[in-house]
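S.K.: One structure, pasted below without further comment.
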Amino acid sequence: MSRTVDRWDPGYRTWVAEAIRLVDADANRSADTHLHVFPLPPDWGIDLYLKDESVHPTGSLKHRLARSLFLYGLANGWIRADTTVIEASSGSTAVSEAYFARLLGLPFVAVMPASTSPEKIQLIEFYGGRCHLVDDPSSIYDESRRLAAGCGGHFMDQFTYAERATDWRGNNNIAESIFEQLRLERFPEPSWVVVGAGTGGTSATIGRYARYRRFQTRLAVVDPEGSAFHGSFADGDPERTAAGSRIEGIGRPRVEPSFLATVIDRMIQVPDAASIAAMRWTNEVSGRDVGGSTGTNMWGAAELIAQMRARGERGSVVTLICDGGERYTGTYGSDAWLAAQGLHVGPYLAALNDFLKTGELPAVP
């Protein structure tokens, strides 16, 4: 006689079906994000596009990731009706996950560095989440696991699951959206897509998608100073560690499990002062108020475009508006904060202004 172990729970399956419906309905209510043209001189023959992820309901690129992580956790049976969801985050992912937790009526705890901007903390709390701040940024993983074990909750662990929670072959992911929106442009297959890496989920999705669709588009990942990713990419050491990043949302003190170096064509290390200068410059030139990680993207895009100009190439470059500058008024938007950090953005702003006039990006000593 066979021995049967039956764990069928019709109540749970009914709940999870409704939870997934709620998450899908939220996505269905949202239009796709815009692809803006950044003003470059027409005679350059190069177009720069900004994919505006700041218009998601929670105001950042991480809304896509949070939705995917919740669907992944629900479909895997990790999240149930009474589950406390816990995440290690520098802010924006936690904001978006707090939103989805509230949508499903679940408690949410964000484990974050104490240096996280007050604006992000306020947003997490606005959506009903609780912030658990730690002094040592490298301890957020172990602290998240400890809290989850203590309450029987689920540690979402974006840094492990980001690259696998999103379907990179399509299903309205960010890569599919970018290429579809470029379809009627004069250079529909971009020369470069430029993104930063925090979990590595976005770079993995775009890099995989480009290969899967047989595009020759190259993926450039920009990395702020203090991050472990660039050094690891350069010397092939997956165990490399570093101090960590002052640019919230990107750069990590360790190489995260979700970071796939093999899908990246080039990495560019960007000084923090350059990131913040490019953030302010983007606001001045385009009228769009963007955050620090978008500044990192824009500096990398400017470098690549200057190199294309020097080689006489034509084509298009795409990067992301990751979130809005209103989340950083007390940090990157504050001259007093910059002075306290010893960051001098003036030379980088001058270089970017020269870039728009000449197509060359002067070196900053």
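Order determines the names: the first chain of the structure tokens is A, the second B, and so forth; residues in each chain are numbered 1 upward, and ligands are numbered 1 upward as they are shown.
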Write out as a PyMOL selection string each polymer residue whose atoms come within 12 Å of Gly73 of chain A, counting only C-alpha atoms; drop sequence neighbours fewer than 6 positions from it.

M.R.: chain A and resi 16+19-20+66-67+79-80+83+85-86+97+101+153-158+161-162+164-166

S.K.: Please extract the residues of segment 45-74 of chain A with a backbone DSSP assignment of strand (DSSP E) and present them as a PyMOL selection string.

M.R.: chain A and resi 46-52

S.K.: Rank nothing, just name the residue among A:Pro42, A:Gly200, A:Gly324, A:Pro253 nearest to Ile140 of chain A, using only C-alpha atoms.

M.R.: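 Checking each of A:Pro42, A:Gly200, A:Gly324, A:Pro253 against Ile140 of chain A, counting only C-alpha atoms, the winner is A:Pro253.
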
S.K.: List the neighbours of Gly359 of chain A out to 7 Å using only C-alpha atoms; skip same-chain residues closer than 2 positions along the sequence, and give me the result as a VMD selection string.

M.R.: chain A and resid 306 309 355 to 357 361

S.K.: Based on the selection just made, write N, CA, C and O atoms of those residues as a compact mmCIF listing (two decimals), in the first residue's frame.

M.R.:
```
# COMPACT_ATOMS: atom_id res chain seq x y z
N ALA A 306 30.39 60.36 -26.32
CA ALA A 306 31.62 61.06 -26.72
C ALA A 306 32.54 60.14 -27.49
O ALA A 306 33.17 60.55 -28.49
N ARG A 309 31.11 59.64 -30.97
CA ARG A 309 31.39 60.84 -31.77
C ARG A 309 32.83 60.83 -32.27
O ARG A 309 33.09 61.14 -33.44
N PHE A 355 30.55 69.03 -22.93
CA PHE A 355 30.12 67.88 -23.74
C PHE A 355 28.98 68.27 -24.67
O PHE A 355 28.98 67.92 -25.87
N LEU A 356 28.00 69.01 -24.17
CA LEU A 356 26.86 69.39 -25.00
C LEU A 356 27.27 70.34 -26.13
O LEU A 356 26.63 70.39 -27.18
N LYS A 357 28.33 71.11 -25.91
CA LYS A 357 28.78 72.06 -26.93
C LYS A 357 29.68 71.40 -27.97
O LYS A 357 29.61 71.73 -29.16
N LEU A 361 33.87 64.79 -23.87
CA LEU A 361 33.74 64.84 -22.42
C LEU A 361 35.12 64.99 -21.82
O LEU A 361 35.88 64.01 -21.74
```

S.K.: Which one is closest to Ile124 of chain A: A:Thr331, A:Asn76, A:Thr58, A:Thr160? Count only C-alpha atoms.

M.R.: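 Residue with the minimum atom-to-atom distance to Ile124 of chain A: A:Thr58.
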
S.K.: Distance atom CA of Val263 of chain A-atom CA of Ser191 of chain A, one decimal place?

M.R.: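 Atom CA of Ser191 of chain A lies 15.4 Å from atom CA of Val263 of chain A.
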
S.K.: Excluding Asp52 of chain A and its own-chain neighbours fewer than 4 positions away, which residues fall within 7 Å of it when counting only C-alpha atoms? Please give them as a list of chain:residue names.

M.R.: A:Thr33, A:His34, A:Leu35, A:Leu320, A:Ile321, A:Cys322

S.K.: For the selection just defined, write its residues with C-alpha atoms to a file, as a PDB file, in the first residue's frame.

M.R.:
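File produced: out.pdb:
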```pdb
ATOM      1  CA  THR A  33       6.629  54.078 -18.644  1.00  0.00           C
ATOM      2  CA  HIS A  34       7.682  56.773 -21.110  1.00  0.00           C
ATOM      3  CA  LEU A  35      10.796  56.843 -23.277  1.00  0.00           C
ATOM      4  CA  LEU A 320      17.058  54.895 -17.239  1.00  0.00           C
ATOM      5  CA  ILE A 321      15.535  57.499 -14.980  1.00  0.00           C
ATOM      6  CA  CYS A 322      15.586  55.285 -11.903  1.00  0.00           C
TER       7      CYS A 322
END
```

S.K.: Looking at only C-alpha atoms, which of A:Arg208, A:Arg314, A:Arg246, A:Arg183 is the one that sits closest to Glu163 of chain A?

M.R.: A:Arg208

S.K.: Residues at most 9 Å from Phe159 of chain A, counting only C-alpha atoms, excluding those fewer than 6 positions away in the same chain, as a list in words?

M.R.: Ala88, Ser89, Gly198, Thr199, Gly200, Gly201, Glu256, Pro257, Ser258 and Phe259 of chain A

S.K.: Running DSSP on the backbone, which parts of segment 13-99 of chain A land in helix (DSSP H, G or I), as a PyMOL selection string?

M.R.: chain A and resi 13-29+42-44+53-55+62-75+92-99

S.K.: At a cut-off of 12 Å, using only C-alpha atoms, what residues contact segment 283-289 of chain A? Leave out same-chain residues fewer than 5 positions from it and give the result as a count of residues only.

M.R.: 34

S.K.: Can you tell me, as a list of chain:residue names, what residues are no more than 12 Å from Tyr127 of chain A when counting only C-alpha atoms, ignoring any on the same chain fewer than 3 positions away?

M.R.: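 The residues that qualify are A:Pro57, A:Thr58, A:Ala94, A:Val95, A:Ser96, A:Glu97, A:Ala98, A:Tyr99, A:Phe100, A:Ala101, A:Arg102, A:Leu103, A:Leu104, A:Gly105, A:Leu106, A:Pro107, A:Phe108, A:Val109, A:Ala110, A:Lys120, A:Ile121, A:Gln122, A:Leu123, A:Ile124, A:Arg130, A:Cys131.
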